[in-house]
Structures are given as structure tokens and as C-alpha cells.
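Data file: work03.txt. Format and content: compact mmCIF, C-alpha atoms (C1' of nucleotides).
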# COMPACT_ATOMS: atom_id res chain seq x y z
CA MET A 18 91.22 96.01 111.27
CA ALA A 19 90.74 93.07 113.49
CA MET A 20 88.59 91.64 110.79
CA ALA A 21 88.91 87.99 111.61
CA GLU A 22 85.22 87.46 112.20
CA SER A 23 85.97 83.80 112.02
CA GLU A 24 83.50 82.32 114.41
CA ALA A 25 81.85 82.43 117.77
CA MET A 26 82.51 85.99 118.82
CA CYS A 27 80.01 88.11 120.66
CA PRO A 28 78.46 90.28 117.92
CA GLU A 29 78.78 93.55 119.76
CA ARG A 30 82.48 92.98 120.24
CA LEU A 31 82.65 92.62 116.48
CA VAL A 32 81.12 96.04 115.84
CA MET A 33 83.50 97.49 118.38
CA GLU A 34 86.45 95.98 116.56
CA HIS A 35 85.36 97.37 113.22
CA VAL A 36 85.00 100.83 114.70
CA THR A 37 88.26 100.74 116.64
CA SER A 38 90.33 99.02 113.99
CA ARG A 39 93.45 100.75 112.74
CA TRP A 40 92.03 101.92 109.41
CA GLY A 41 88.45 102.08 110.65
CA THR A 42 89.22 104.80 113.15
CA LEU A 43 91.11 106.89 110.63
CA ALA A 44 88.45 106.51 107.96
CA LEU A 45 85.65 107.47 110.34
CA ILE A 46 87.54 110.52 111.56
CA ALA A 47 88.31 111.65 108.02
CA LEU A 48 84.68 111.22 106.98
CA LEU A 49 83.50 113.19 109.99
CA ASP A 50 85.01 116.23 108.37
CA ARG A 51 83.33 115.77 105.00
CA PRO A 52 82.58 113.09 102.40
CA HIS A 53 85.62 111.74 100.61
CA ARG A 54 86.37 109.90 97.42
CA PHE A 55 88.32 106.68 97.65
CA SER A 56 91.59 108.23 96.57
CA GLU A 57 91.07 111.23 98.85
CA LEU A 58 90.74 108.89 101.79
CA ARG A 59 93.89 107.07 100.75
CA ARG A 60 95.85 110.29 100.64
CA GLU A 61 94.38 111.64 103.86
CA ILE A 62 94.92 108.46 105.86
CA GLY A 63 98.32 107.87 104.37
CA ARG A 64 100.22 104.60 104.03
CA VAL A 65 97.16 102.41 103.70
CA SER A 66 97.07 99.89 100.89
CA GLU A 67 94.17 99.90 98.46
CA LYS A 68 93.29 96.46 99.66
CA MET A 69 92.98 97.37 103.31
CA LEU A 70 91.11 100.59 102.67
CA ALA A 71 88.61 98.87 100.40
CA GLN A 72 88.18 96.07 102.92
CA THR A 73 87.70 98.52 105.78
CA LEU A 74 85.17 100.63 103.88
CA ARG A 75 83.20 97.59 102.85
CA THR A 76 82.97 96.40 106.42
CA LEU A 77 81.87 99.81 107.67
CA GLU A 78 79.35 100.06 104.85
CA ARG A 79 77.96 96.65 105.71
CA ASP A 80 77.61 97.68 109.35
CA GLY A 81 75.57 100.69 108.21
CA LEU A 82 78.15 103.24 109.36
CA VAL A 83 79.32 104.42 105.98
CA HIS A 84 77.34 105.24 102.87
CA ARG A 85 78.84 104.39 99.49
CA ASP A 86 77.74 106.33 96.46
CA ALA A 87 79.14 104.86 93.24
CA ARG A 88 78.40 107.00 90.21
CA PRO A 89 78.16 105.31 86.84
CA VAL A 90 80.58 107.62 85.10
CA ILE A 91 83.87 107.13 83.37
CA PRO A 92 86.27 107.32 84.99
CA PRO A 93 84.51 105.81 88.01
CA ARG A 94 83.73 108.07 90.93
CA VAL A 95 82.79 106.78 94.35
CA ASP A 96 81.96 109.01 97.28
CA TYR A 97 81.96 107.80 100.87
CA SER A 98 80.12 109.53 103.67
CA LEU A 99 78.90 108.80 107.17
CA THR A 100 75.40 107.62 107.94
CA ASP A 101 73.70 108.96 111.06
CA LEU A 102 74.78 105.81 112.84
CA GLY A 103 78.32 106.25 111.56
CA ARG A 104 78.42 109.83 112.71
CA GLU A 105 77.60 108.78 116.26
CA ALA A 106 80.40 106.25 116.24
CA ALA A 107 82.85 108.60 114.54
CA GLU A 108 82.30 111.34 117.10
CA GLN A 109 83.22 109.02 119.92
CA VAL A 110 86.24 107.75 118.07
CA ARG A 111 87.33 111.30 117.39
CA ASP A 112 86.93 112.16 121.07
CA LEU A 113 89.14 109.25 121.97
CA ALA A 114 91.70 110.37 119.40
CA ARG A 115 91.65 113.86 120.84
CA TRP A 116 92.16 112.44 124.28
CA THR A 117 95.27 110.55 123.19
CA GLU A 118 96.55 113.76 121.65
CA ARG A 119 95.99 115.70 124.86
CA ARG A 120 97.55 113.03 127.05
CA LEU A 121 100.38 112.02 124.78
CA ALA A 122 102.99 113.85 126.81
CA ALA A 123 101.87 112.11 130.01
CA VAL A 124 102.02 108.73 128.30
CA GLU A 125 105.50 109.41 127.03
CA ARG A 126 106.68 110.39 130.48
CA ALA A 127 105.22 107.18 131.86
CA ARG A 128 107.04 105.17 129.23
CA GLU A 129 110.35 106.77 130.04
CA ALA A 130 109.85 106.12 133.73
CA TYR A 131 108.91 102.52 132.99
CA ASP A 132 111.88 101.94 130.71
CA ALA A 133 114.27 103.58 133.15
CA THR A 134 113.63 100.88 135.74
CA ARG A 135 114.40 98.04 133.30
CA PRO A 136 117.20 96.49 131.29
CA MET B 13 96.24 94.44 120.34
CA ALA B 14 97.78 95.93 117.30
CA MET B 15 101.07 95.77 119.10
CA ALA B 16 103.34 95.82 116.10
CA GLU B 17 105.08 99.05 117.06
CA SER B 18 107.67 98.13 114.53
CA GLU B 19 108.72 101.44 113.15
CA ALA B 20 107.85 104.91 112.02
CA MET B 21 104.33 105.28 113.33
CA CYS B 22 102.93 108.47 114.69
CA PRO B 23 103.18 108.08 118.49
CA GLU B 24 99.64 109.15 119.26
CA ARG B 25 98.26 106.57 116.89
CA LEU B 26 100.23 104.05 118.91
CA VAL B 27 98.55 105.01 122.18
CA MET B 28 95.21 104.85 120.42
CA GLU B 29 95.94 101.33 119.23
CA HIS B 30 96.90 100.14 122.66
CA VAL B 31 93.70 101.54 124.11
CA THR B 32 91.46 100.24 121.33
CA SER B 33 93.14 96.87 120.93
CA ARG B 34 91.02 93.76 121.35
CA TRP B 35 92.30 92.79 124.80
CA GLY B 36 93.15 96.35 125.80
CA THR B 37 89.54 97.49 125.63
CA LEU B 38 88.28 94.54 127.63
CA ALA B 39 90.97 94.88 130.29
CA LEU B 40 90.32 98.61 130.70
CA ILE B 41 86.58 98.10 131.01
CA ALA B 42 87.02 95.32 133.57
CA LEU B 43 89.40 97.43 135.62
CA LEU B 44 87.00 100.36 135.54
CA ASP B 45 84.73 98.33 137.76
CA ARG B 46 87.38 97.49 140.36
CA PRO B 47 90.98 96.29 140.61
CA HIS B 48 91.54 92.72 139.47
CA ARG B 49 94.13 90.05 139.94
CA PHE B 50 95.68 88.49 136.86
CA SER B 51 93.56 85.36 137.01
CA GLU B 52 90.42 87.36 137.72
CA LEU B 53 91.01 89.34 134.57
CA ARG B 54 91.52 86.16 132.60
CA ARG B 55 88.24 84.74 133.79
CA GLU B 56 86.34 87.97 133.33
CA ILE B 57 87.61 88.65 129.83
CA GLY B 58 87.30 85.04 128.79
CA ARG B 59 89.16 83.20 126.05
CA VAL B 60 92.33 85.23 126.32
CA SER B 61 95.63 83.39 126.54
CA GLU B 62 98.01 84.11 129.39
CA LYS B 63 100.49 85.36 126.87
CA MET B 64 98.23 87.96 125.31
CA LEU B 65 96.84 89.17 128.60
CA ALA B 66 100.31 89.59 130.08
CA GLN B 67 101.49 91.39 126.96
CA THR B 68 98.47 93.67 126.94
CA LEU B 69 98.80 94.54 130.62
CA ARG B 70 102.50 95.26 130.26
CA THR B 71 101.85 97.63 127.38
CA LEU B 72 99.11 99.45 129.26
CA GLU B 73 101.31 99.63 132.34
CA ARG B 74 104.16 101.07 130.31
CA ASP B 75 101.83 103.70 128.86
CA GLY B 76 100.92 104.70 132.39
CA LEU B 77 97.30 103.58 132.10
CA VAL B 78 97.44 100.60 134.42
CA HIS B 79 99.11 100.24 137.79
CA ARG B 80 100.67 96.90 138.66
CA ASP B 81 101.03 95.96 142.30
CA ALA B 82 103.07 92.79 142.75
CA ARG B 83 103.13 91.59 146.32
CA PRO B 84 106.10 89.55 147.48
CA VAL B 85 104.07 86.72 148.93
CA ILE B 86 103.82 83.05 148.21
CA PRO B 87 101.88 82.20 146.20
CA PRO B 88 102.41 85.38 144.18
CA ARG B 89 99.66 87.95 144.15
CA VAL B 90 99.50 90.76 141.60
CA ASP B 91 96.77 93.36 141.53
CA TYR B 92 96.05 95.53 138.53
CA SER B 93 94.21 98.81 138.73
CA LEU B 94 93.68 101.92 136.64
CA THR B 95 95.76 105.05 137.04
CA ASP B 96 94.02 108.41 136.76
CA LEU B 97 95.16 108.51 133.16
CA GLY B 98 93.89 105.00 132.59
CA ARG B 99 90.53 105.84 134.09
CA GLU B 100 90.06 108.67 131.61
CA ALA B 101 90.80 106.34 128.73
CA ALA B 102 88.72 103.50 130.14
CA GLU B 103 85.66 105.68 130.54
CA GLN B 104 85.73 106.65 126.90
CA VAL B 105 86.26 103.07 125.84
CA ARG B 106 83.35 101.99 128.00
CA ASP B 107 81.16 104.67 126.46
CA LEU B 108 82.03 103.39 123.03
CA ALA B 109 81.26 99.84 124.13
CA ARG B 110 77.90 100.98 125.47
CA TRP B 111 77.19 102.70 122.20
CA THR B 112 77.80 99.50 120.24
CA GLU B 113 75.49 97.72 122.64
CA ARG B 114 72.73 100.28 122.14
CA ARG B 115 73.12 100.31 118.38
CA LEU B 116 73.71 96.63 117.82
CA ALA B 117 70.22 96.01 116.51
CA ALA B 118 70.57 98.81 113.96
CA VAL B 119 73.90 97.44 112.80
CA GLU B 120 72.47 93.98 112.39
CA ARG B 121 69.59 95.31 110.34
CA ALA B 122 72.07 97.15 108.14
CA ARG B 123 74.05 93.96 107.63
CA GLU B 124 71.01 92.01 106.61
CA ALA B 125 70.02 94.70 104.14
CA TYR B 126 73.54 94.76 102.75
CA ASP B 127 73.77 90.99 102.42
CA ALA B 128 70.34 90.78 100.85
CA THR B 129 71.48 92.75 97.81
CA ARG B 130 74.47 90.49 97.18
CA PRO B 131 75.40 86.97 96.12
C1' DC C 24 89.68 106.11 89.02
C1' DT C 25 88.17 102.41 91.86
C1' DG C 26 88.68 98.61 92.76
C1' DT C 27 89.90 92.90 92.77
C1' DA C 28 93.25 88.96 92.80
C1' DT C 29 97.38 86.97 93.97
C1' DC C 30 101.44 86.27 96.31
C1' DC C 31 104.22 86.69 100.12
C1' DA C 32 106.33 88.75 104.62
C1' DT C 33 105.25 90.01 109.01
C1' DT C 34 102.42 89.76 113.06
C1' DT C 35 99.22 87.87 116.01
C1' DG C 36 97.93 84.75 119.06
C1' DG C 37 97.01 80.01 120.99
C1' DA C 38 98.90 75.62 123.28
C1' DT C 39 102.07 73.76 125.94
C1' DA C 40 105.70 73.32 129.08
C1' DC C 41 108.23 75.36 132.49
C1' DT C 42 109.92 78.68 136.53
C1' DG C 43 110.01 81.52 140.88
C1' DC D 20 99.51 82.14 141.32
C1' DA D 21 101.61 84.75 137.87
C1' DG D 22 103.92 84.74 134.69
C1' DT D 23 107.98 83.47 130.69
C1' DA D 24 109.65 80.67 126.70
C1' DT D 25 108.98 78.19 122.73
C1' DC D 26 106.80 76.58 118.89
C1' DC D 27 103.57 76.73 115.50
C1' DA D 28 99.08 77.95 112.99
C1' DA D 29 96.36 81.53 111.39
C1' DA D 30 95.44 86.20 110.27
C1' DT D 31 96.95 90.70 108.82
C1' DG D 32 98.41 93.50 105.56
C1' DG D 33 101.63 95.30 101.81
C1' DA D 34 103.16 95.09 96.75
C1' DT D 35 102.13 94.14 92.45
C1' DA D 36 99.49 93.17 88.53
C1' DC D 37 95.36 93.51 86.40
C1' DA D 38 90.18 94.67 85.22
C1' DG D 39 85.97 97.50 84.34

Structure translated into C-alpha cells:
Amino acid sequence: MAMAESEAMCPERLVMEHVTSRWGTLALIALLDRPHRFSELRREIGRVSEKMLAQTLRTLERDGLVHRDARPVIPPRVDYSLTDLGREAAEQVRDLARWTERRLAAVERAREAYDATRP
Amino acid sequence: MAMAESEAMCPERLVMEHVTSRWGTLALIALLDRPHRFSELRREIGRVSEKMLAQTLRTLERDGLVHRDARPVIPPRVDYSLTDLGREAAEQVRDLARWTERRLAAVERAREAYDATRP
DNA sequence: CTGTATCCATTTGGATACTG
DNA sequence: CAGTATCCAAATGGATACAG
């Protein structure tokens, strides 16, 4: 996630970066399918550290895109789901992901052509 | 741009990251309007270093999303424009950007509510 | 199980100087 | 003008250990 947030950045660009961040996109797409527990998301996304997933989910929750439901049981159980706002964002992200899937072959051809003309 | 590309990453996730990268999104949206010269893009995007803009444009060109037209004149003149493939991607990115614009107020309310319940 | 804290490697990205 | 090269600071992000 481009989570720098340091300083003077246009606020809407910030939302955009949360939504389009590496783990943000994958979390939103996974949650579009159904709610997930923390560990389910980790498995489904694959190769994401606990730290980054927690950080990503907190940011998305703060932006009002993800709802966090922590149940006071032992062992702890936390379910994540999309809010209405989050669903709108997730659908667009999923569409973009589907586009890259559809056009992947064309991109790979372009890369080969590009590389062929260079050292 | 999450331009790491280091290693074993699913190739379609890679395309996605180029398209959704910080400078990638802004370049695509600017080019959707009309072709731009390098320095025009720099001004329009704002606060992007020459290095990052050049890197971003090269990546998008390699992926077949951006067309680079370098004219052999002095002083050098290079025009960047979208390919058909790039236009498809750019339109989706622009839609997502418009969404964040429309929903910015809702996100900011969510943030305030979130922050209000915390130290 | 769901996190947080710490440490550390890698990556990003800006500033500057320079070239064709 | 349109970059490339270099250097360096800052941010990202993984591994590990630990806590509630």
C-alpha cells in the first residue's frame, strides 16, 4: 500500500492509493465474494505478512470501506466485510483486475516486441 | 509505481500494479485527455521527479499501454499518447478516480468517526 | 486466533549533475 | 528538451518474537 500519507497530498489521491494499493486491491476483491476472517484473508491473498494485512485492513476500515466485527470470544474471532461504500470501490477494482486478465496476452506480446528492439 | 518486479509474482498482478501505481494512474488519466510531451506531463501531474516519470512511462510503454513518439529534431521532442489497450485501461482508472472524487466526503466522515473512537 | 512491536533488507523516490 | 546516472534519504514490507 502506498501508505505514506506523510503530508500535503490531495486527499482524494490518498483514497485512490488505499484502494489501488497492492494488498488493498486483493483484500477488496476477496471481500467482494464474501466476508472473511483475518486468517482466511491471509490464506486467500497469499504471501502477505500479518503486519501488512493488518495495516491495510485498518486503513480501509478507517476510510469506511471495510467493516470490522471483533467478537469477544476466546480464541478471538474477527470478521471483515465490505460496507456499501467499499462494495462500490471493490466492484471497480475487480473490473480492472478482470480487464488485466483479459488483456494479459496482449500486454505480454507488447513486452516481447519492446524487449526485442533493445539490448 | 510498485515497480519492484523482482521475482515470482503472478504476471497479471504486475500489469495491475503498473496501471494502479501512483504515477501510472496520473499519467494515464492525463493522456486520456490528449497526447502530452514529457514536460507537459510533468507539469500536469505535478511534483513528480524526472526519474519517476521516465520510469513510469517506460514501463507503460513496454506493457503496450502508451505510445512513445520521439522526433529526431533539435531540441528533442517526444510525444506520449495512449494505445487502444492503454485507452481501455485509462478509462477504468479514470472511472475509479471519479468515484473517489464523488465519495470523498463520505470517506472523510468515516475517518472522523473512526478517529473519534480512538486515542 | 488476531493481532502488535521490533528489527532489518529491499525498494522507492527525490536532488543534483550531466549528456545528446 | 528529454532524458540518464549517481547518490542518498525515506518508506515499504518481511521475519520474528511476543501479547491478549

Distance of CA of Lys68 in chain A from C1' of DT29 in chain C, expressed in Å to one decimal place: 11.8 Å

At most 9 Å to chain B: residues in chain D, all atoms listed in the file, as a ChimeraX atom specification: /D:20-23

Kindly save the residues from that selection, with C-alpha atoms (C1' of nucleotides) included, as a CSV table (one decimal), in the coordinates of the input.
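Result file follows (result_22.csv):
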chain,number,residue,atom,x,y,z
D,20,DC,C1',99.5,82.1,141.3
D,21,DA,C1',101.6,84.8,137.9
D,22,DG,C1',103.9,84.7,134.7
D,23,DT,C1',108.0,83.5,130.7

Proximal residues of chain C relative to chain B (all atoms listed in the file; 8 Å) as a ChimeraX atom specification: /C:34,36-37

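Atom pair CA of Val32 in chain A / CA of Gln67 in chain B has a distance of 23.7 Å (rounded to one decimal).
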
What are the coordinates of chain A as a PDB file with C-alpha atoms, in the frame of the given file following a least-squares fit to chain B on all in-order C-alpha atoms?
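Heads up, here's the output in part-v5.pdb:
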ATOM      1  CA  MET A  18      96.323  94.301 120.321  1.00  0.00           C
ATOM      2  CA  ALA A  19      97.773  95.915 117.305  1.00  0.00           C
ATOM      3  CA  MET A  20     101.062  95.792 119.073  1.00  0.00           C
ATOM      4  CA  ALA A  21     103.363  95.864 116.107  1.00  0.00           C
ATOM      5  CA  GLU A  22     105.099  99.060 117.114  1.00  0.00           C
ATOM      6  CA  SER A  23     107.686  98.167 114.564  1.00  0.00           C
ATOM      7  CA  GLU A  24     108.792 101.506 113.288  1.00  0.00           C
ATOM      8  CA  ALA A  25     107.865 104.911 112.035  1.00  0.00           C
ATOM      9  CA  MET A  26     104.341 105.259 113.329  1.00  0.00           C
ATOM     10  CA  CYS A  27     102.934 108.470 114.685  1.00  0.00           C
ATOM     11  CA  PRO A  28     103.200 108.055 118.476  1.00  0.00           C
ATOM     12  CA  GLU A  29      99.682 109.149 119.254  1.00  0.00           C
ATOM     13  CA  ARG A  30      98.295 106.561 116.882  1.00  0.00           C
ATOM     14  CA  LEU A  31     100.243 104.034 118.910  1.00  0.00           C
ATOM     15  CA  VAL A  32      98.560 104.999 122.179  1.00  0.00           C
ATOM     16  CA  MET A  33      95.230 104.843 120.417  1.00  0.00           C
ATOM     17  CA  GLU A  34      95.962 101.330 119.226  1.00  0.00           C
ATOM     18  CA  HIS A  35      96.909 100.138 122.684  1.00  0.00           C
ATOM     19  CA  VAL A  36      93.705 101.540 124.120  1.00  0.00           C
ATOM     20  CA  THR A  37      91.462 100.241 121.349  1.00  0.00           C
ATOM     21  CA  SER A  38      93.122  96.873 120.948  1.00  0.00           C
ATOM     22  CA  ARG A  39      91.012  93.765 121.374  1.00  0.00           C
ATOM     23  CA  TRP A  40      92.267  92.822 124.839  1.00  0.00           C
ATOM     24  CA  GLY A  41      93.121  96.382 125.828  1.00  0.00           C
ATOM     25  CA  THR A  42      89.527  97.515 125.639  1.00  0.00           C
ATOM     26  CA  LEU A  43      88.261  94.575 127.651  1.00  0.00           C
ATOM     27  CA  ALA A  44      90.946  94.923 130.300  1.00  0.00           C
ATOM     28  CA  LEU A  45      90.315  98.644 130.726  1.00  0.00           C
ATOM     29  CA  ILE A  46      86.573  98.121 131.022  1.00  0.00           C
ATOM     30  CA  ALA A  47      87.007  95.350 133.579  1.00  0.00           C
ATOM     31  CA  LEU A  48      89.396  97.475 135.633  1.00  0.00           C
ATOM     32  CA  LEU A  49      86.990 100.397 135.557  1.00  0.00           C
ATOM     33  CA  ASP A  50      84.737  98.372 137.786  1.00  0.00           C
ATOM     34  CA  ARG A  51      87.383  97.516 140.366  1.00  0.00           C
ATOM     35  CA  PRO A  52      90.985  96.306 140.632  1.00  0.00           C
ATOM     36  CA  HIS A  53      91.540  92.751 139.482  1.00  0.00           C
ATOM     37  CA  ARG A  54      94.115  90.054 139.952  1.00  0.00           C
ATOM     38  CA  PHE A  55      95.651  88.517 136.870  1.00  0.00           C
ATOM     39  CA  SER A  56      93.536  85.391 137.006  1.00  0.00           C
ATOM     40  CA  GLU A  57      90.386  87.398 137.729  1.00  0.00           C
ATOM     41  CA  LEU A  58      90.974  89.383 134.576  1.00  0.00           C
ATOM     42  CA  ARG A  59      91.497  86.192 132.612  1.00  0.00           C
ATOM     43  CA  ARG A  60      88.210  84.783 133.809  1.00  0.00           C
ATOM     44  CA  GLU A  61      86.311  88.028 133.345  1.00  0.00           C
ATOM     45  CA  ILE A  62      87.607  88.701 129.841  1.00  0.00           C
ATOM     46  CA  GLY A  63      87.279  85.099 128.819  1.00  0.00           C
ATOM     47  CA  ARG A  64      89.139  83.237 126.082  1.00  0.00           C
ATOM     48  CA  VAL A  65      92.311  85.274 126.319  1.00  0.00           C
ATOM     49  CA  SER A  66      95.600  83.430 126.512  1.00  0.00           C
ATOM     50  CA  GLU A  67      97.977  84.136 129.370  1.00  0.00           C
ATOM     51  CA  LYS A  68     100.460  85.387 126.856  1.00  0.00           C
ATOM     52  CA  MET A  69      98.199  87.984 125.309  1.00  0.00           C
ATOM     53  CA  LEU A  70      96.819  89.200 128.609  1.00  0.00           C
ATOM     54  CA  ALA A  71     100.284  89.604 130.088  1.00  0.00           C
ATOM     55  CA  GLN A  72     101.466  91.377 126.952  1.00  0.00           C
ATOM     56  CA  THR A  73      98.455  93.689 126.948  1.00  0.00           C
ATOM     57  CA  LEU A  74      98.803  94.559 130.633  1.00  0.00           C
ATOM     58  CA  ARG A  75     102.483  95.265 130.262  1.00  0.00           C
ATOM     59  CA  THR A  76     101.847  97.634 127.399  1.00  0.00           C
ATOM     60  CA  LEU A  77      99.110  99.461 129.289  1.00  0.00           C
ATOM     61  CA  GLU A  78     101.317  99.640 132.365  1.00  0.00           C
ATOM     62  CA  ARG A  79     104.156 101.072 130.318  1.00  0.00           C
ATOM     63  CA  ASP A  80     101.824 103.699 128.872  1.00  0.00           C
ATOM     64  CA  GLY A  81     100.912 104.720 132.428  1.00  0.00           C
ATOM     65  CA  LEU A  82      97.290 103.592 132.132  1.00  0.00           C
ATOM     66  CA  VAL A  83      97.438 100.615 134.435  1.00  0.00           C
ATOM     67  CA  HIS A  84      99.105 100.225 137.802  1.00  0.00           C
ATOM     68  CA  ARG A  85     100.678  96.883 138.668  1.00  0.00           C
ATOM     69  CA  ASP A  86     101.061  95.924 142.286  1.00  0.00           C
ATOM     70  CA  ALA A  87     103.082  92.726 142.708  1.00  0.00           C
ATOM     71  CA  ARG A  88     103.155  91.500 146.285  1.00  0.00           C
ATOM     72  CA  PRO A  89     106.127  89.463 147.420  1.00  0.00           C
ATOM     73  CA  VAL A  90     104.099  86.619 148.841  1.00  0.00           C
ATOM     74  CA  ILE A  91     103.853  82.955 148.082  1.00  0.00           C
ATOM     75  CA  PRO A  92     101.915  82.134 146.085  1.00  0.00           C
ATOM     76  CA  PRO A  93     102.445  85.321 144.069  1.00  0.00           C
ATOM     77  CA  ARG A  94      99.683  87.893 144.047  1.00  0.00           C
ATOM     78  CA  VAL A  95      99.502  90.711 141.543  1.00  0.00           C
ATOM     79  CA  ASP A  96      96.780  93.326 141.518  1.00  0.00           C
ATOM     80  CA  TYR A  97      96.050  95.529 138.524  1.00  0.00           C
ATOM     81  CA  SER A  98      94.213  98.816 138.731  1.00  0.00           C
ATOM     82  CA  LEU A  99      93.684 101.931 136.661  1.00  0.00           C
ATOM     83  CA  THR A 100      95.756 105.059 137.057  1.00  0.00           C
ATOM     84  CA  ASP A 101      94.012 108.418 136.755  1.00  0.00           C
ATOM     85  CA  LEU A 102      95.152 108.536 133.157  1.00  0.00           C
ATOM     86  CA  GLY A 103      93.870 105.015 132.591  1.00  0.00           C
ATOM     87  CA  ARG A 104      90.528 105.860 134.095  1.00  0.00           C
ATOM     88  CA  GLU A 105      90.049 108.680 131.606  1.00  0.00           C
ATOM     89  CA  ALA A 106      90.798 106.365 128.722  1.00  0.00           C
ATOM     90  CA  ALA A 107      88.708 103.525 130.129  1.00  0.00           C
ATOM     91  CA  GLU A 108      85.643 105.718 130.528  1.00  0.00           C
ATOM     92  CA  GLN A 109      85.729 106.662 126.883  1.00  0.00           C
ATOM     93  CA  VAL A 110      86.259 103.089 125.830  1.00  0.00           C
ATOM     94  CA  ARG A 111      83.358 102.011 127.993  1.00  0.00           C
ATOM     95  CA  ASP A 112      81.161 104.693 126.437  1.00  0.00           C
ATOM     96  CA  LEU A 113      82.034 103.395 123.014  1.00  0.00           C
ATOM     97  CA  ALA A 114      81.250  99.852 124.133  1.00  0.00           C
ATOM     98  CA  ARG A 115      77.907 100.992 125.470  1.00  0.00           C
ATOM     99  CA  TRP A 116      77.188 102.694 122.199  1.00  0.00           C
ATOM    100  CA  THR A 117      77.805  99.498 120.241  1.00  0.00           C
ATOM    101  CA  GLU A 118      75.484  97.710 122.634  1.00  0.00           C
ATOM    102  CA  ARG A 119      72.740 100.278 122.128  1.00  0.00           C
ATOM    103  CA  ARG A 120      73.111 100.311 118.357  1.00  0.00           C
ATOM    104  CA  LEU A 121      73.716  96.633 117.817  1.00  0.00           C
ATOM    105  CA  ALA A 122      70.230  95.999 116.505  1.00  0.00           C
ATOM    106  CA  ALA A 123      70.576  98.792 113.936  1.00  0.00           C
ATOM    107  CA  VAL A 124      73.915  97.411 112.791  1.00  0.00           C
ATOM    108  CA  GLU A 125      72.470  93.955 112.398  1.00  0.00           C
ATOM    109  CA  ARG A 126      69.601  95.277 110.329  1.00  0.00           C
ATOM    110  CA  ALA A 127      72.075  97.103 108.118  1.00  0.00           C
ATOM    111  CA  ARG A 128      74.058  93.924 107.637  1.00  0.00           C
ATOM    112  CA  GLU A 129      71.011  91.964 106.614  1.00  0.00           C
ATOM    113  CA  ALA A 130      70.019  94.648 104.143  1.00  0.00           C
ATOM    114  CA  TYR A 131      73.551  94.710 102.761  1.00  0.00           C
ATOM    115  CA  ASP A 132      73.768  90.942 102.434  1.00  0.00           C
ATOM    116  CA  ALA A 133      70.334  90.726 100.850  1.00  0.00           C
ATOM    117  CA  THR A 134      71.497  92.710  97.830  1.00  0.00           C
ATOM    118  CA  ARG A 135      74.488  90.418  97.192  1.00  0.00           C
ATOM    119  CA  PRO A 136      75.403  86.898  96.164  1.00  0.00           C
TER     120      PRO A 136
END

Test item: chain A residues at most 9 Å from chain B, counting all atoms listed in the file, as a PyMOL selection string: chain A and resi 18-19+28-30+32-34+37-39+78-82+102+105-106+109-110+112-114+116-118+120-121+123-132

Atom pair CA of Glu52 in chain B / CA of Trp35 in chain B: separation (Å):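 Computing the Euclidean distance for CA of Glu52 in chain B and CA of Trp35 in chain B yields 14.1 Å.
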
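Using all atoms listed in the file, the protein and nucleic acid residues lying no more than 12 Å from DA28 in chain C, apart from those fewer than 6 places from it along its own chain, are Lys68 of chain A; DT35, DA36, DC37 and DA38 of chain D.
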
Polymer residues at most 10 Å from DT25 in chain D, only C-alpha atoms (C1' of nucleotides), same-chain spacing of 2 or more positions, as a VMD selection string: (chain C and resid 39 to 40) or (chain D and resid 23 27)

Could you please take those selected residues and save C-alpha atoms (C1' of nucleotides) as an mmCIF file, keeping the file's coordinate frame?
data_model
loop_
_atom_site.group_PDB
_atom_site.id
_atom_site.type_symbol
_atom_site.label_atom_id
_atom_site.label_comp_id
_atom_site.auth_asym_id
_atom_site.auth_seq_id
_atom_site.Cartn_x
_atom_site.Cartn_y
_atom_site.Cartn_z
ATOM 1 C "C1'" DT C 39 102.070 73.760 125.940
ATOM 2 C "C1'" DA C 40 105.700 73.320 129.080
ATOM 3 C "C1'" DT D 23 107.980 83.470 130.690
ATOM 4 C "C1'" DC D 27 103.570 76.730 115.500
#
